[in-house]
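Peer 1: Take this structure first; my questions come after.
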Amino acid sequence: MLTVLMLAMLLVAPHLPRPQSLAQLRIAIYATHAAWFALLVGLAAQATSWWHAPRTRLAFAIAGTFTVAMACNVAALPVPADLAKAWFGILAGAAFVRVVERPWWLLPISVCVPLADAWSVYSSRGVTKAVIDKGREEPRWIEWPTIATPISGAPYAAFGRIGTVDVLFLALFIAVATRWSLGVRRTAVAMWCGLMLTSVTVFELDDLAIPALPMLCVAFLVVQLPALVRDARDASRGPAS
């Protein structure tokens with residue numbers, strides 16, 4: 001059902017009235033993104049139960065969504081491509097939680113990954129920066145590895161974008177909360193807040209290169225840091241339970 005609603009948003013958003021002022025544009029972006037991110041986070045919260053699915057089934061699902069996404073990219077079918085990429089990121093995040101032996105492992109991950117992501121975006125030698133620069137001439141360099149975030153009244157080409165890797169980590173954080181009963185709802189709300197904070201920052205600073213991953217990691221730590229520290233202390237006292 002959530003996938004159907006996401007499909008509807010991608011198809012309907014370009015046909016809604018176009019904003020006529022900066023204030024209307026701000027409302028259009030924030031309102032549409034609030035709804036879209038709620039659907040994305042809700043889908044991740046539902047699908048992360050796949051983390052304990054049979055390995056073969058999960059591997060086929062990940063490979064299948066990746067194949068569909070790439071095929072749709074090649075065929076210039078952005079809507080199904082974006083939905084497939086969303087599912088790929090969510091399933092990959094759910095699968096990744098299998099290698100996490102204890103919740104505290106997310107502490108170094110949540111600190112190091114956003115630093116690496118920020119370096120990749122802003123460093124002159126960063127991979128993401130190179131992709132963004134290349135994407136100014138060839139949009140597919142940006143469109144292929146990212147997912148559209150609808151904006152009411154804007155054409156599809158003018159939609160915002162979020163990285164598939166961002167969705168992977170979003171799903172990983174929710175899957176960790178699911179696996180160890182760390183509060184799925186508050187983690188999901190934190191992920192939504194992280195995405196919205198990224199959206200606001202991008203618009204207000206007029207900088208399309210603002211990475212979402214640091215915001216997601218900070219949001220995760222805000223709600224889970226005490227639990228992660230507590231688990232790290234427990235781990236130092238004895239074997240994992």
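Naming scheme: A, B, ... for chains in displayed order of the structure tokens; residues 1 onward per chain; ligands 1 onward as shown.
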Near Thr149 in chain A, counting only C-alpha atoms, which residues have an atom at most 7 Å away, once you skip same-chain residues fewer than 3 positions from it, shown as a VMD selection string?
Peer 2: chain A and resid 33 36 159 to 162
Peer 1: Which residues are near Thr128 in chain A? Cut-off 10 Å, only C-alpha atoms, ignore same chain within fewer than 5 positions. Put them as a ChimeraX atom specification.
Peer 2: /A:117-123,133-134,142,209,211
Peer 1: Counting only C-alpha atoms, what is within 8 Å of Leu168 in chain A, bar same-chain residues fewer than 3 positions away, as a PDB file with C-alpha atoms, in the first residue's frame?
Peer 2:
```
ATOM      1  CA  PHE A  88      16.752  -2.061  -2.987  1.00  0.00           C
ATOM      2  CA  GLY A  89      18.098   0.346  -0.361  1.00  0.00           C
ATOM      3  CA  ILE A  90      15.578  -0.804   2.239  1.00  0.00           C
ATOM      4  CA  LEU A  91      16.218  -4.512   1.667  1.00  0.00           C
ATOM      5  CA  ALA A  92      19.990  -4.020   1.598  1.00  0.00           C
ATOM      6  CA  GLY A  93      19.795  -2.161   4.907  1.00  0.00           C
ATOM      7  CA  ALA A  94      17.686  -4.938   6.405  1.00  0.00           C
ATOM      8  CA  THR A 164      20.098   5.093  -2.381  1.00  0.00           C
ATOM      9  CA  VAL A 165      22.866   4.650   0.198  1.00  0.00           C
ATOM     10  CA  ALA A 171      16.695   1.048   6.890  1.00  0.00           C
ATOM     11  CA  LEU A 172      19.726  -0.274   8.783  1.00  0.00           C
TER      12      LEU A 172
END
```
Peer 1: Mind pulling up the distance from CA of Trp51 in chain A to CA of Met191 in chain A?
Peer 2: 18.5 Å
Peer 1: CA of Gly126 in chain A to CA of Ala71 in chain A: how many Å, to one decimal?
Peer 2: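 CA of Ala71 in chain A lies 27.4 Å from CA of Gly126 in chain A.
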Peer 1: If we count only C-alpha atoms, what is near Gly194 in chain A at a cut-off of 8 Å, once residues fewer than 3 positions away on the same chain are taken out, given as a PyMOL selection string?
Peer 2: chain A and resi 190-191+197-198+212+215-216+218-219
Peer 1: What would the file look like if the residues just selected were written as an mmCIF file, in the first residue's frame with N, CA and C atoms?
Peer 2:
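Saved the output as again_18.cif:
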```cif
data_model
loop_
_atom_site.group_PDB
_atom_site.id
_atom_site.type_symbol
_atom_site.label_atom_id
_atom_site.label_comp_id
_atom_site.auth_asym_id
_atom_site.auth_seq_id
_atom_site.Cartn_x
_atom_site.Cartn_y
_atom_site.Cartn_z
ATOM 1 N N ALA A 190 12.835 9.710 14.250
ATOM 2 C CA ALA A 190 14.143 10.359 14.149
ATOM 3 C C ALA A 190 14.642 10.364 12.710
ATOM 4 N N MET A 191 14.429 9.266 11.993
ATOM 5 C CA MET A 191 14.846 9.208 10.593
ATOM 6 C C MET A 191 14.072 10.221 9.750
ATOM 7 N N LEU A 197 15.217 17.668 8.042
ATOM 8 C CA LEU A 197 16.261 18.648 8.329
ATOM 9 C C LEU A 197 17.173 18.824 7.121
ATOM 10 N N THR A 198 17.451 17.724 6.437
ATOM 11 C CA THR A 198 18.246 17.809 5.213
ATOM 12 C C THR A 198 17.518 18.614 4.153
ATOM 13 N N ALA A 212 22.604 13.791 3.119
ATOM 14 C CA ALA A 212 21.577 13.422 4.099
ATOM 15 C C ALA A 212 22.117 12.501 5.185
ATOM 16 N N MET A 215 22.915 13.839 8.729
ATOM 17 C CA MET A 215 21.695 14.176 9.476
ATOM 18 C C MET A 215 21.027 12.911 10.027
ATOM 19 N N LEU A 216 21.008 11.853 9.221
ATOM 20 C CA LEU A 216 20.397 10.599 9.663
ATOM 21 C C LEU A 216 21.173 9.990 10.828
ATOM 22 N N VAL A 218 23.138 11.564 13.009
ATOM 23 C CA VAL A 218 22.937 12.385 14.206
ATOM 24 C C VAL A 218 21.567 12.100 14.813
ATOM 25 N N ALA A 219 20.546 12.014 13.967
ATOM 26 C CA ALA A 219 19.194 11.733 14.458
ATOM 27 C C ALA A 219 19.145 10.379 15.159
#
```
Peer 1: Any idea what's packed within 10 Å of range 99-116 of chain A, counting only C-alpha atoms, ignoring anything in its chain fewer than 3 positions away? Could you give it as a ChimeraX atom specification?
Peer 2: /A:95-96,119-121,126,169,172-173,176-177,179-180,182,211-221,224-235,240-241
Peer 1: Store the residues of this selection in a file with N, CA and C atoms, as a compact mmCIF listing (two decimals), in the first residue's frame.
Peer 2:
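File selection_38.txt, as written:
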```
# COMPACT_ATOMS: atom_id res chain seq x y z
N ALA A 95 19.27 -6.39 5.27
CA ALA A 95 20.22 -7.50 5.19
C ALA A 95 21.50 -7.19 5.96
N PHE A 96 21.92 -5.92 5.90
CA PHE A 96 23.18 -5.52 6.53
C PHE A 96 23.15 -5.73 8.04
N TRP A 119 33.24 14.14 3.52
CA TRP A 119 34.50 14.29 2.77
C TRP A 119 34.27 14.00 1.30
N SER A 120 33.51 12.94 1.01
CA SER A 120 33.26 12.56 -0.38
C SER A 120 32.49 13.65 -1.12
N VAL A 121 31.63 14.38 -0.40
CA VAL A 121 30.82 15.43 -1.04
C VAL A 121 31.61 16.71 -1.24
N GLY A 126 36.86 13.95 -3.60
CA GLY A 126 35.76 13.08 -3.22
C GLY A 126 35.03 12.48 -4.40
N PHE A 169 21.08 3.14 4.86
CA PHE A 169 21.41 3.38 6.27
C PHE A 169 20.16 3.68 7.09
N LEU A 172 18.85 0.41 7.83
CA LEU A 172 19.73 -0.27 8.78
C LEU A 172 19.44 0.19 10.20
N PHE A 173 19.31 1.49 10.39
CA PHE A 173 19.05 2.02 11.73
C PHE A 173 17.71 1.51 12.27
N VAL A 176 18.06 -2.22 13.13
CA VAL A 176 18.75 -2.41 14.42
C VAL A 176 17.77 -2.20 15.57
N ALA A 177 16.97 -1.14 15.47
CA ALA A 177 15.96 -0.89 16.50
C ALA A 177 14.95 -2.02 16.57
N ARG A 179 15.49 -5.29 15.61
CA ARG A 179 16.12 -6.53 16.06
C ARG A 179 16.34 -6.56 17.57
N TRP A 180 16.76 -5.42 18.14
CA TRP A 180 17.07 -5.39 19.57
C TRP A 180 16.02 -4.64 20.39
N LEU A 182 14.79 -1.57 20.40
CA LEU A 182 15.31 -0.31 20.92
C LEU A 182 14.37 0.87 20.68
N PRO A 211 24.66 16.55 2.07
CA PRO A 211 24.43 15.11 2.24
C PRO A 211 23.41 14.82 3.33
N ALA A 212 22.60 13.79 3.12
CA ALA A 212 21.58 13.42 4.10
C ALA A 212 22.12 12.50 5.18
N LEU A 213 23.15 11.73 4.87
CA LEU A 213 23.62 10.71 5.80
C LEU A 213 24.07 11.28 7.15
N PRO A 214 24.81 12.39 7.18
CA PRO A 214 25.17 12.94 8.50
C PRO A 214 23.95 13.27 9.35
N MET A 215 22.92 13.84 8.73
CA MET A 215 21.69 14.18 9.48
C MET A 215 21.03 12.91 10.03
N LEU A 216 21.01 11.85 9.22
CA LEU A 216 20.40 10.60 9.66
C LEU A 216 21.17 9.99 10.83
N CYS A 217 22.50 10.03 10.74
CA CYS A 217 23.32 9.46 11.81
C CYS A 217 23.16 10.25 13.11
N VAL A 218 23.14 11.56 13.01
CA VAL A 218 22.94 12.39 14.21
C VAL A 218 21.57 12.10 14.81
N ALA A 219 20.55 12.01 13.97
CA ALA A 219 19.19 11.73 14.46
C ALA A 219 19.14 10.38 15.16
N PHE A 220 19.83 9.38 14.60
CA PHE A 220 19.87 8.06 15.22
C PHE A 220 20.54 8.12 16.58
N LEU A 221 21.67 8.83 16.66
CA LEU A 221 22.39 8.92 17.92
C LEU A 221 21.59 9.69 18.97
N GLN A 224 19.23 7.03 20.28
CA GLN A 224 19.75 5.71 20.65
C GLN A 224 21.09 5.73 21.37
N LEU A 225 21.69 6.88 21.55
CA LEU A 225 23.02 6.92 22.17
C LEU A 225 23.05 6.27 23.55
N PRO A 226 22.12 6.55 24.45
CA PRO A 226 22.17 5.88 25.76
C PRO A 226 22.13 4.35 25.65
N ALA A 227 21.27 3.84 24.77
CA ALA A 227 21.17 2.39 24.61
C ALA A 227 22.45 1.81 24.03
N LEU A 228 23.07 2.52 23.09
CA LEU A 228 24.30 2.02 22.48
C LEU A 228 25.44 2.02 23.48
N VAL A 229 25.55 3.08 24.28
CA VAL A 229 26.59 3.15 25.30
C VAL A 229 26.38 2.06 26.34
N ARG A 230 25.14 1.86 26.75
CA ARG A 230 24.82 0.82 27.73
C ARG A 230 25.21 -0.56 27.19
N ASP A 231 24.93 -0.80 25.91
CA ASP A 231 25.27 -2.09 25.31
C ASP A 231 26.78 -2.26 25.21
N ALA A 232 27.50 -1.17 24.93
CA ALA A 232 28.96 -1.24 24.86
C ALA A 232 29.53 -1.61 26.23
N ARG A 233 28.96 -1.06 27.28
CA ARG A 233 29.41 -1.41 28.63
C ARG A 233 29.13 -2.87 28.94
N ASP A 234 27.95 -3.34 28.57
CA ASP A 234 27.60 -4.74 28.80
C ASP A 234 28.54 -5.66 28.03
N ALA A 235 28.88 -5.27 26.81
CA ALA A 235 29.77 -6.09 25.98
C ALA A 235 31.16 -6.18 26.59
N ALA A 240 28.72 -11.60 24.19
CA ALA A 240 27.44 -11.12 23.67
C ALA A 240 26.34 -12.10 24.03
N SER A 241 25.17 -11.55 24.30
CA SER A 241 24.03 -12.40 24.64
C SER A 241 23.10 -12.49 23.46
```
Peer 1: Based on the backbone DSSP call, show me all residues of range 26-241 of chain A assigned alpha helix (DSSP H), as a PyMOL selection string.
Peer 2: chain A and resi 26-47+55-74+78-96+106-122+127-135+140-143+164-179+184-205+213-237
Peer 1: Can you pull out the residues contacting range 39-43 of chain A? Cut-off 7 Å, using only C-alpha atoms, and skip same-chain residues under 4 positions away; I want them as JSON, numbers by chain.
Peer 2: {"A": [2, 6, 35, 47, 188, 192]}
Peer 1: Using only C-alpha atoms, please write the residues we just selected to a file, as a JSON list (two decimals), in the first residue's frame.
Peer 2:
```json
[["chain", "number", "residue", "atom", "x", "y", "z"],
["A", 2, "LEU", "CA", 2.78, 2.44, 0.90],
["A", 6, "MET", "CA", 4.65, 6.61, -3.28],
["A", 35, "ALA", "CA", 4.55, 13.22, 3.16],
["A", 47, "ALA", "CA", 10.14, -4.06, 5.39],
["A", 188, "ALA", "CA", 11.49, 5.97, 12.60],
["A", 192, "TRP", "CA", 11.97, 11.33, 9.31]]
```
